[in-house]
Structures are given as C-alpha cells and as structure tokens.
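For reference, run-v8.cif (mmCIF, N, CA and C atoms):
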data_my_file
loop_
_atom_site.label_atom_id
_atom_site.label_comp_id
_atom_site.auth_asym_id
_atom_site.auth_seq_id
_atom_site.Cartn_x
_atom_site.Cartn_y
_atom_site.Cartn_z
N MET A 1 118.53 11.66 111.07
CA MET A 1 117.79 12.40 110.08
C MET A 1 116.62 11.55 109.60
N ALA A 2 115.45 12.11 109.61
CA ALA A 2 114.24 11.42 109.20
C ALA A 2 114.16 11.40 107.67
N ILE A 3 113.67 10.29 107.13
CA ILE A 3 113.47 10.18 105.68
C ILE A 3 112.14 10.81 105.34
N THR A 4 112.16 11.73 104.42
CA THR A 4 110.92 12.37 104.00
C THR A 4 110.16 11.44 103.08
N ARG A 5 108.91 11.72 102.87
CA ARG A 5 108.07 10.91 101.99
C ARG A 5 108.65 10.84 100.59
N ASP A 6 109.16 11.94 100.08
CA ASP A 6 109.73 11.96 98.73
C ASP A 6 110.95 11.05 98.62
N LYS A 7 111.78 11.02 99.65
CA LYS A 7 112.96 10.16 99.63
C LYS A 7 112.59 8.68 99.75
N ALA A 8 111.53 8.39 100.50
CA ALA A 8 111.11 7.00 100.70
C ALA A 8 110.38 6.44 99.48
N LYS A 9 109.82 7.29 98.67
CA LYS A 9 109.05 6.85 97.51
C LYS A 9 109.93 6.03 96.56
N GLY A 10 109.44 4.89 96.16
CA GLY A 10 110.15 4.06 95.20
C GLY A 10 111.21 3.14 95.80
N ARG A 11 111.39 3.15 97.08
CA ARG A 11 112.41 2.29 97.70
C ARG A 11 111.93 0.86 97.91
N ARG A 12 110.64 0.67 98.03
CA ARG A 12 110.10 -0.66 98.24
C ARG A 12 109.90 -1.34 96.90
N GLU A 13 110.31 -2.61 96.83
CA GLU A 13 110.11 -3.39 95.62
C GLU A 13 108.62 -3.68 95.43
N SER A 14 108.19 -3.66 94.20
CA SER A 14 106.79 -3.99 93.93
C SER A 14 106.72 -5.42 93.40
N GLY A 15 105.54 -5.94 93.24
CA GLY A 15 105.36 -7.28 92.72
C GLY A 15 105.02 -8.27 93.80
N THR A 16 105.03 -9.54 93.43
CA THR A 16 104.66 -10.60 94.35
C THR A 16 105.84 -10.98 95.24
N PHE A 17 105.57 -11.79 96.23
CA PHE A 17 106.62 -12.28 97.12
C PHE A 17 106.42 -13.77 97.32
N ILE A 18 107.45 -14.42 97.83
CA ILE A 18 107.38 -15.86 98.07
C ILE A 18 106.99 -16.10 99.53
N PRO A 19 105.84 -16.73 99.76
CA PRO A 19 105.39 -17.00 101.12
C PRO A 19 106.04 -18.27 101.67
N LEU A 20 107.00 -18.11 102.55
CA LEU A 20 107.71 -19.24 103.12
C LEU A 20 107.71 -19.11 104.65
N PRO A 21 106.79 -19.81 105.32
CA PRO A 21 106.69 -19.69 106.77
C PRO A 21 107.95 -20.14 107.49
N THR A 22 108.27 -19.50 108.59
CA THR A 22 109.47 -19.89 109.35
C THR A 22 109.32 -21.29 109.93
N SER A 23 108.10 -21.74 110.17
CA SER A 23 107.92 -23.11 110.66
C SER A 23 108.41 -24.12 109.63
N VAL A 24 108.28 -23.80 108.35
CA VAL A 24 108.81 -24.65 107.29
C VAL A 24 110.33 -24.54 107.27
N LEU A 25 110.84 -23.32 107.30
CA LEU A 25 112.30 -23.09 107.27
C LEU A 25 113.02 -23.80 108.41
N ASN A 26 112.40 -23.87 109.56
CA ASN A 26 113.04 -24.44 110.74
C ASN A 26 112.85 -25.95 110.88
N HIS A 27 112.10 -26.56 109.98
CA HIS A 27 111.83 -27.99 110.09
C HIS A 27 113.01 -28.81 109.58
N GLN A 28 113.21 -29.97 110.19
CA GLN A 28 114.32 -30.85 109.83
C GLN A 28 114.28 -31.24 108.35
N ASN A 29 113.09 -31.48 107.80
CA ASN A 29 113.01 -31.84 106.39
C ASN A 29 113.55 -30.73 105.49
N PHE A 30 113.29 -29.48 105.86
CA PHE A 30 113.79 -28.36 105.06
C PHE A 30 115.31 -28.28 105.12
N THR A 31 115.88 -28.51 106.29
CA THR A 31 117.33 -28.42 106.43
C THR A 31 118.05 -29.53 105.67
N ARG A 32 117.35 -30.59 105.36
CA ARG A 32 117.94 -31.71 104.60
C ARG A 32 117.90 -31.50 103.09
N LEU A 33 117.17 -30.51 102.62
CA LEU A 33 117.04 -30.31 101.17
C LEU A 33 118.38 -30.01 100.51
N SER A 34 118.58 -30.59 99.34
CA SER A 34 119.77 -30.26 98.55
C SER A 34 119.58 -28.88 97.93
N GLY A 35 120.65 -28.33 97.43
CA GLY A 35 120.57 -27.03 96.77
C GLY A 35 119.65 -27.05 95.57
N ASN A 36 119.67 -28.13 94.79
CA ASN A 36 118.81 -28.23 93.62
C ASN A 36 117.33 -28.29 94.01
N ALA A 37 117.02 -29.04 95.06
CA ALA A 37 115.63 -29.12 95.51
C ALA A 37 115.17 -27.77 96.05
N LEU A 38 116.03 -27.08 96.75
CA LEU A 38 115.70 -25.76 97.27
C LEU A 38 115.46 -24.77 96.13
N LYS A 39 116.29 -24.83 95.10
CA LYS A 39 116.11 -23.95 93.94
C LYS A 39 114.77 -24.25 93.25
N LEU A 40 114.45 -25.52 93.08
CA LEU A 40 113.17 -25.87 92.46
C LEU A 40 112.00 -25.40 93.31
N LEU A 41 112.10 -25.53 94.61
CA LEU A 41 111.04 -25.05 95.49
C LEU A 41 110.82 -23.55 95.29
N MET A 42 111.91 -22.80 95.19
CA MET A 42 111.80 -21.34 94.95
C MET A 42 111.18 -21.07 93.57
N ASP A 43 111.57 -21.85 92.57
CA ASP A 43 111.01 -21.67 91.23
C ASP A 43 109.51 -21.96 91.23
N LEU A 44 109.07 -22.98 91.95
CA LEU A 44 107.64 -23.28 92.03
C LEU A 44 106.90 -22.22 92.83
N LEU A 45 107.49 -21.78 93.94
CA LEU A 45 106.86 -20.74 94.75
C LEU A 45 106.70 -19.44 93.97
N SER A 46 107.62 -19.17 93.05
CA SER A 46 107.52 -17.93 92.26
C SER A 46 106.30 -17.93 91.34
N GLN A 47 105.73 -19.11 91.08
CA GLN A 47 104.53 -19.21 90.25
C GLN A 47 103.26 -19.02 91.05
N LEU A 48 103.35 -19.11 92.36
CA LEU A 48 102.18 -19.05 93.24
C LEU A 48 101.59 -17.64 93.25
N ARG A 49 100.29 -17.54 93.10
CA ARG A 49 99.60 -16.25 93.14
C ARG A 49 98.76 -16.18 94.40
N LEU A 50 98.90 -15.07 95.11
CA LEU A 50 98.23 -14.90 96.40
C LEU A 50 97.16 -13.83 96.34
N THR A 51 96.15 -14.02 97.17
CA THR A 51 95.15 -12.99 97.41
C THR A 51 95.06 -12.85 98.92
N LYS A 52 94.21 -11.97 99.39
CA LYS A 52 94.07 -11.80 100.83
C LYS A 52 93.56 -13.07 101.50
N GLY A 53 92.86 -13.91 100.77
CA GLY A 53 92.31 -15.13 101.34
C GLY A 53 93.22 -16.34 101.21
N GLY A 54 94.37 -16.19 100.59
CA GLY A 54 95.28 -17.32 100.40
C GLY A 54 95.76 -17.39 98.97
N THR A 55 95.91 -18.60 98.47
CA THR A 55 96.40 -18.79 97.10
C THR A 55 95.23 -18.94 96.14
N VAL A 56 95.50 -18.74 94.86
CA VAL A 56 94.47 -18.96 93.85
C VAL A 56 94.87 -20.05 92.85
N ASN A 57 96.15 -20.43 92.81
CA ASN A 57 96.58 -21.41 91.82
C ASN A 57 97.46 -22.52 92.39
N ASN A 58 97.34 -22.78 93.69
CA ASN A 58 98.14 -23.87 94.25
C ASN A 58 97.57 -25.19 93.75
N GLY A 59 98.38 -25.93 93.07
CA GLY A 59 97.97 -27.15 92.38
C GLY A 59 98.24 -27.02 90.89
N ASP A 60 98.38 -25.80 90.43
CA ASP A 60 98.61 -25.51 89.01
C ASP A 60 100.04 -25.00 88.80
N LEU A 61 100.98 -25.53 89.57
CA LEU A 61 102.38 -25.13 89.46
C LEU A 61 103.10 -26.13 88.57
N CYS A 62 103.90 -25.64 87.68
CA CYS A 62 104.48 -26.47 86.63
C CYS A 62 106.00 -26.39 86.64
N ALA A 63 106.65 -27.52 86.38
CA ALA A 63 108.12 -27.55 86.34
C ALA A 63 108.58 -28.39 85.15
N THR A 64 108.10 -28.04 83.97
CA THR A 64 108.53 -28.76 82.78
C THR A 64 109.97 -28.39 82.44
N TRP A 65 110.63 -29.26 81.71
CA TRP A 65 112.01 -29.00 81.32
C TRP A 65 112.12 -27.72 80.51
N SER A 66 111.19 -27.49 79.59
CA SER A 66 111.26 -26.28 78.75
C SER A 66 111.12 -25.01 79.59
N MET A 67 110.30 -25.04 80.62
CA MET A 67 110.16 -23.87 81.51
C MET A 67 111.40 -23.68 82.38
N MET A 68 111.85 -24.75 82.96
CA MET A 68 112.94 -24.66 83.93
C MET A 68 114.29 -24.40 83.26
N LYS A 69 114.45 -24.81 82.02
CA LYS A 69 115.68 -24.52 81.28
C LYS A 69 115.86 -23.00 81.16
N LYS A 70 114.76 -22.28 80.98
CA LYS A 70 114.80 -20.82 80.90
C LYS A 70 115.15 -20.20 82.25
N ARG A 71 114.97 -20.95 83.32
CA ARG A 71 115.28 -20.45 84.67
C ARG A 71 116.66 -20.90 85.13
N GLY A 72 117.46 -21.44 84.20
CA GLY A 72 118.84 -21.77 84.51
C GLY A 72 119.15 -23.23 84.78
N TRP A 73 118.16 -24.10 84.70
CA TRP A 73 118.43 -25.53 84.91
C TRP A 73 119.24 -26.07 83.75
N LYS A 74 120.23 -26.91 84.04
CA LYS A 74 121.16 -27.42 83.02
C LYS A 74 120.90 -28.87 82.62
N SER A 75 120.15 -29.59 83.43
CA SER A 75 119.96 -31.02 83.17
C SER A 75 118.54 -31.44 83.55
N SER A 76 117.90 -32.16 82.65
CA SER A 76 116.55 -32.64 82.95
C SER A 76 116.59 -33.72 84.04
N ALA A 77 117.69 -34.47 84.11
CA ALA A 77 117.82 -35.50 85.16
C ALA A 77 117.94 -34.83 86.53
N THR A 78 118.69 -33.74 86.61
CA THR A 78 118.82 -33.00 87.88
C THR A 78 117.47 -32.43 88.29
N LEU A 79 116.73 -31.90 87.32
CA LEU A 79 115.40 -31.36 87.60
C LEU A 79 114.48 -32.45 88.13
N GLN A 80 114.48 -33.61 87.48
CA GLN A 80 113.61 -34.71 87.92
C GLN A 80 114.00 -35.17 89.32
N ASN A 81 115.29 -35.23 89.60
CA ASN A 81 115.73 -35.64 90.92
C ASN A 81 115.28 -34.64 91.98
N ALA A 82 115.33 -33.34 91.65
CA ALA A 82 114.88 -32.30 92.59
C ALA A 82 113.38 -32.44 92.85
N LYS A 83 112.60 -32.74 91.82
CA LYS A 83 111.15 -32.97 92.00
C LYS A 83 110.93 -34.15 92.94
N ASN A 84 111.65 -35.25 92.68
CA ASN A 84 111.50 -36.44 93.52
C ASN A 84 111.85 -36.16 94.97
N GLU A 85 112.89 -35.36 95.18
CA GLU A 85 113.31 -35.01 96.54
C GLU A 85 112.24 -34.17 97.25
N LEU A 86 111.68 -33.19 96.56
CA LEU A 86 110.62 -32.36 97.16
C LEU A 86 109.39 -33.18 97.50
N ILE A 87 109.06 -34.14 96.65
CA ILE A 87 107.93 -35.04 96.92
C ILE A 87 108.27 -35.93 98.12
N HIS A 88 109.48 -36.46 98.14
CA HIS A 88 109.92 -37.33 99.25
C HIS A 88 109.78 -36.63 100.59
N TYR A 89 110.22 -35.39 100.68
CA TYR A 89 110.15 -34.65 101.94
C TYR A 89 108.79 -34.00 102.18
N GLY A 90 107.87 -34.14 101.24
CA GLY A 90 106.51 -33.67 101.45
C GLY A 90 106.27 -32.19 101.21
N PHE A 91 107.19 -31.51 100.52
CA PHE A 91 107.01 -30.08 100.26
C PHE A 91 106.10 -29.82 99.07
N ILE A 92 106.05 -30.76 98.13
CA ILE A 92 105.14 -30.63 97.00
C ILE A 92 104.40 -31.96 96.82
N VAL A 93 103.27 -31.87 96.13
CA VAL A 93 102.50 -33.07 95.80
C VAL A 93 102.07 -32.95 94.34
N LEU A 94 102.08 -34.08 93.65
CA LEU A 94 101.62 -34.12 92.26
C LEU A 94 100.11 -33.98 92.23
N THR A 95 99.60 -33.00 91.50
CA THR A 95 98.15 -32.79 91.45
C THR A 95 97.56 -33.20 90.11
N ARG A 96 98.41 -33.34 89.10
CA ARG A 96 97.95 -33.86 87.80
C ARG A 96 99.11 -34.58 87.14
N GLN A 97 98.85 -35.82 86.75
CA GLN A 97 99.86 -36.58 86.02
C GLN A 97 99.85 -36.10 84.58
N GLY A 98 100.98 -35.66 84.11
CA GLY A 98 101.09 -35.15 82.75
C GLY A 98 101.05 -36.25 81.72
N GLN A 99 100.88 -35.82 80.48
CA GLN A 99 100.90 -36.75 79.36
C GLN A 99 102.08 -36.37 78.47
N ARG A 100 103.03 -37.27 78.37
CA ARG A 100 104.30 -37.00 77.70
C ARG A 100 104.14 -36.50 76.27
N LEU A 101 103.18 -37.01 75.55
CA LEU A 101 103.02 -36.64 74.14
C LEU A 101 102.18 -35.39 73.94
N ARG A 102 101.54 -34.90 74.99
CA ARG A 102 100.70 -33.70 74.87
C ARG A 102 101.31 -32.57 75.69
N LYS A 103 101.83 -31.58 75.01
CA LYS A 103 102.48 -30.47 75.71
C LYS A 103 101.49 -29.61 76.48
N ASP A 104 100.20 -29.71 76.15
CA ASP A 104 99.20 -28.93 76.87
C ASP A 104 98.75 -29.62 78.15
N LYS A 105 99.33 -30.78 78.48
CA LYS A 105 98.98 -31.52 79.68
C LYS A 105 100.23 -31.89 80.48
N PRO A 106 100.95 -30.89 81.02
CA PRO A 106 102.14 -31.22 81.82
C PRO A 106 101.75 -31.67 83.22
N CYS A 107 102.70 -32.26 83.93
CA CYS A 107 102.49 -32.58 85.35
C CYS A 107 102.32 -31.26 86.09
N LEU A 108 101.44 -31.26 87.08
CA LEU A 108 101.21 -30.08 87.91
C LEU A 108 101.44 -30.45 89.37
N TYR A 109 101.81 -29.44 90.16
CA TYR A 109 102.17 -29.66 91.56
C TYR A 109 101.51 -28.62 92.46
N ALA A 110 101.45 -28.96 93.75
CA ALA A 110 100.97 -28.02 94.78
C ALA A 110 101.98 -27.97 95.90
N ILE A 111 102.05 -26.82 96.55
CA ILE A 111 102.86 -26.64 97.75
C ILE A 111 102.02 -27.11 98.93
N THR A 112 102.59 -27.93 99.79
CA THR A 112 101.75 -28.60 100.80
C THR A 112 101.46 -27.78 102.05
N TRP A 113 102.05 -26.61 102.21
CA TRP A 113 101.66 -25.78 103.37
C TRP A 113 100.56 -24.80 103.01
N TRP A 114 100.05 -24.89 101.80
CA TRP A 114 98.88 -24.11 101.37
C TRP A 114 97.79 -25.08 100.92
N ALA A 115 96.55 -24.68 101.06
CA ALA A 115 95.42 -25.50 100.58
C ALA A 115 95.49 -25.61 99.06
N ILE A 116 95.04 -26.73 98.52
CA ILE A 116 95.01 -26.93 97.07
C ILE A 116 93.77 -26.25 96.51
N ASN A 117 93.97 -25.41 95.50
CA ASN A 117 92.86 -24.70 94.87
C ASN A 117 92.21 -25.55 93.79
N ASP A 118 91.02 -25.16 93.38
CA ASP A 118 90.26 -25.89 92.36
C ASP A 118 90.95 -25.86 90.99
N CYS A 119 91.54 -24.75 90.63
CA CYS A 119 92.27 -24.60 89.37
C CYS A 119 91.42 -24.95 88.15
N LYS A 120 90.18 -24.52 88.19
CA LYS A 120 89.24 -24.67 87.06
C LYS A 120 89.07 -26.12 86.62
N GLY A 121 89.14 -27.04 87.59
CA GLY A 121 88.87 -28.44 87.31
C GLY A 121 89.94 -29.20 86.56
N LYS A 122 91.14 -28.66 86.41
CA LYS A 122 92.17 -29.34 85.62
C LYS A 122 93.03 -30.32 86.41
N LEU A 123 92.77 -30.48 87.70
CA LEU A 123 93.60 -31.34 88.53
C LEU A 123 93.03 -32.74 88.66
N ASP A 124 93.91 -33.70 88.95
CA ASP A 124 93.50 -35.09 89.21
C ASP A 124 93.08 -35.29 90.66
N VAL A 125 93.36 -34.31 91.51
CA VAL A 125 93.01 -34.39 92.93
C VAL A 125 91.94 -33.36 93.23
N LYS A 126 91.25 -33.55 94.34
CA LYS A 126 90.22 -32.59 94.73
C LYS A 126 90.87 -31.40 95.44
N SER A 127 90.24 -30.25 95.29
CA SER A 127 90.71 -29.08 96.03
C SER A 127 90.46 -29.34 97.52
N ALA A 128 91.19 -28.62 98.35
CA ALA A 128 91.08 -28.82 99.79
C ALA A 128 91.05 -27.47 100.49
N LEU A 129 90.28 -27.38 101.55
CA LEU A 129 90.20 -26.14 102.31
C LEU A 129 91.37 -26.01 103.29
N THR A 130 91.97 -27.13 103.63
CA THR A 130 93.10 -27.10 104.56
C THR A 130 94.35 -27.64 103.87
N PRO A 131 95.52 -27.16 104.25
CA PRO A 131 96.76 -27.66 103.66
C PRO A 131 97.00 -29.13 104.02
N LEU A 132 97.70 -29.84 103.15
CA LEU A 132 98.04 -31.24 103.42
C LEU A 132 99.02 -31.35 104.58
N GLY A 133 99.99 -30.44 104.64
CA GLY A 133 100.95 -30.44 105.74
C GLY A 133 101.91 -31.61 105.75
N SER A 134 102.09 -32.28 104.62
CA SER A 134 102.94 -33.46 104.59
C SER A 134 104.42 -33.15 104.83
N TRP A 135 104.82 -31.91 104.71
CA TRP A 135 106.21 -31.52 104.99
C TRP A 135 106.55 -31.69 106.47
N LYS A 136 105.54 -31.77 107.33
CA LYS A 136 105.77 -31.89 108.78
C LYS A 136 106.17 -33.30 109.20
N HIS A 137 105.92 -34.29 108.35
CA HIS A 137 106.19 -35.67 108.71
C HIS A 137 107.66 -35.98 108.49
N GLU A 138 108.33 -36.39 109.54
CA GLU A 138 109.74 -36.73 109.40
C GLU A 138 109.87 -38.01 108.59
N VAL A 139 110.76 -37.97 107.64
CA VAL A 139 111.01 -39.10 106.76
C VAL A 139 112.51 -39.37 106.74
N PRO A 140 112.91 -40.56 106.27
CA PRO A 140 114.35 -40.84 106.17
C PRO A 140 115.02 -39.86 105.19
N ILE A 141 116.32 -39.74 105.30
CA ILE A 141 117.08 -38.89 104.39
C ILE A 141 116.89 -39.40 102.97
N TYR A 142 116.68 -38.46 102.06
CA TYR A 142 116.44 -38.78 100.65
C TYR A 142 117.68 -39.43 100.04
N ALA A 143 117.47 -40.53 99.34
CA ALA A 143 118.55 -41.20 98.61
C ALA A 143 118.37 -40.92 97.14
N LYS A 144 119.30 -40.20 96.56
CA LYS A 144 119.24 -39.83 95.14
C LYS A 144 119.08 -41.09 94.30
N GLN A 145 118.16 -40.99 93.34
CA GLN A 145 117.87 -42.17 92.50
C GLN A 145 118.55 -42.09 91.17
#
As structure tokens:
Amino acid sequence: MAITRDKAKGRRESGTFIPLPTSVLNHQNFTRLSGNALKLLMDLLSQLRLTKGGTVNNGDLCATWSMMKKRGWKSSATLQNAKNELIHYGFIVLTRQGQRLRKDKPCLYAITWWAINDCKGKLDVKSALTPLGSWKHEVPIYAKQ
C-alpha cells in the first residue's frame, strides 16, 4: 500500500542534524573514544549550525560546566577529562582560551573535520578555509589524567 501525501506529512523530524561523516566513525581514533568523550562530542556537535556552504559557528562551541550540567553531566572533572580526551584524539581544538573569572569569556572549541569559521573575531586562532583534519592522525591510546 502506497503512503499518500497526507499520511506522510509530519513524519519527518524538523530541525538541525548532527553532521558526522562515516570516515570519522570508522577511524581508529573514534573507536577508542570513551562513552563520556563521545557524549561530549555529540553535545558540541549539537551546537554546530550549518548552511549550504558548511558551518557558520565552528570555533564558537562551548562546553562550560554550567551549560553541560543542564545536559546531564554529573561531574566537572569527568567533563574536563572528556575535553582532554577529544583534544588528544584530535576531534576538537581549543580556539579561545577562556578566562576563569570572566563568565563572558569561556573556552571555545572547533570540530576538526570542519573548517574553522571567523566567529566575529572572538577566537584566538585564525579562521581556515580547510578543516584541520587532526582526527586522522593516529595517536597512542588516551591515558586518563
């Protein structure tokens, strides 16, 4: 039985989606990620905004304790360890060093399989037309600190 247009209407979810290439999913570094690092990667990807030409805010992704606590994180130490693990495996890069005493200046991150956007000049790094691709480099297994 064929689905009519009326029956199909409203079945597709609206909103944004998380762009995760299968080349990333199949890489050895990805398979080594802990559950906490994987959850943080998904939380950061959920902040990414896409247009037809790519991203518009890669580099302006934030993972402060106050934000992540609302997303179910239970420990700031676990969150920090997940950030360190994602940096170790090259999935994210720090684009702005935050200032602990200024809540309007948190650390910011970029996903490395997308080019870093300008983000209105608020980053410590330069925007790039090509992705860093640091997730492709095989590194030793992450040792929790």
Requested in this report: Calculate how many Å separate CA of Ala37 (chain A) from CA of Leu86 (chain A), rounding to one decimal.
Outcome: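 Between CA of Ala37 (chain A) and CA of Leu86 (chain A) the gap works out to 6.2 Å.
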Report task. I would like the residues chosen by the PyMOL selection byres (((chain A and resi 41 and name CA) around 10) and name CA) on the shown file; could you give them as JSON, numbers by chain? Result -> {"A": [33, 35, 36, 37, 38, 39, 40, 42, 43, 44, 45, 46, 63, 82, 83, 86, 91, 92, 111]}
Query raised in the report: Any idea what the distance is between atom N of Trp114 (chain A) and atom N of Ile87 (chain A)?
Result: 13.9 Å
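Applied to this file, the PyMOL selection byres (((chain A and resi 117-127 and name CA) around 7) and name CA) selects Val56, Asn57, Asn58, Gly59, Asp60, Thr95, Arg96, Ala115, Ile116, Ala128 and Leu129 of chain A.
Closest approach to Thr64 (chain A) among A:Val93, A:Leu50, A:Cys107, A:Ala77: A:Cys107, based on only N, CA and C atoms.
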Query raised in the report: Pick the closest to Thr112 (chain A) from A:Leu20, A:Gln145, A:Ser34, A:Asn81: which is it, counting only C-alpha atoms?
Result: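 The closest residue to Thr112 (chain A) is A:Leu20.
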**Report entry** Nearest residue to Ile141 (chain A) from the set A:His88, A:Pro19, A:Trp65, A:Ser76 (distances using all atoms listed in the file)
**Finding:**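 That would be A:His88, the residue with the smallest distance to Ile141 (chain A).
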**Report entry** DSSP strand (DSSP E or B) residues within chain A, listed as a list in words
**Finding:** Leu50, Thr51, Gly54, Thr55, Leu61, Cys62, Ile92, Val93, Leu94, Thr95, Arg96, Leu108, Tyr109, Ala110 and Ile111 of chain A
If I wrap all listed atoms of region 22-27 of chain A in a box with edges along x, y and z and add 6 Å on each side, what are its centre and edge lengths in Å to one decimal, as AutoDock Vina command-line options?
--center_x 110.5 --center_y -24.2 --center_z 109.1 --size_x 17.1 --size_y 21.3 --size_z 15.6
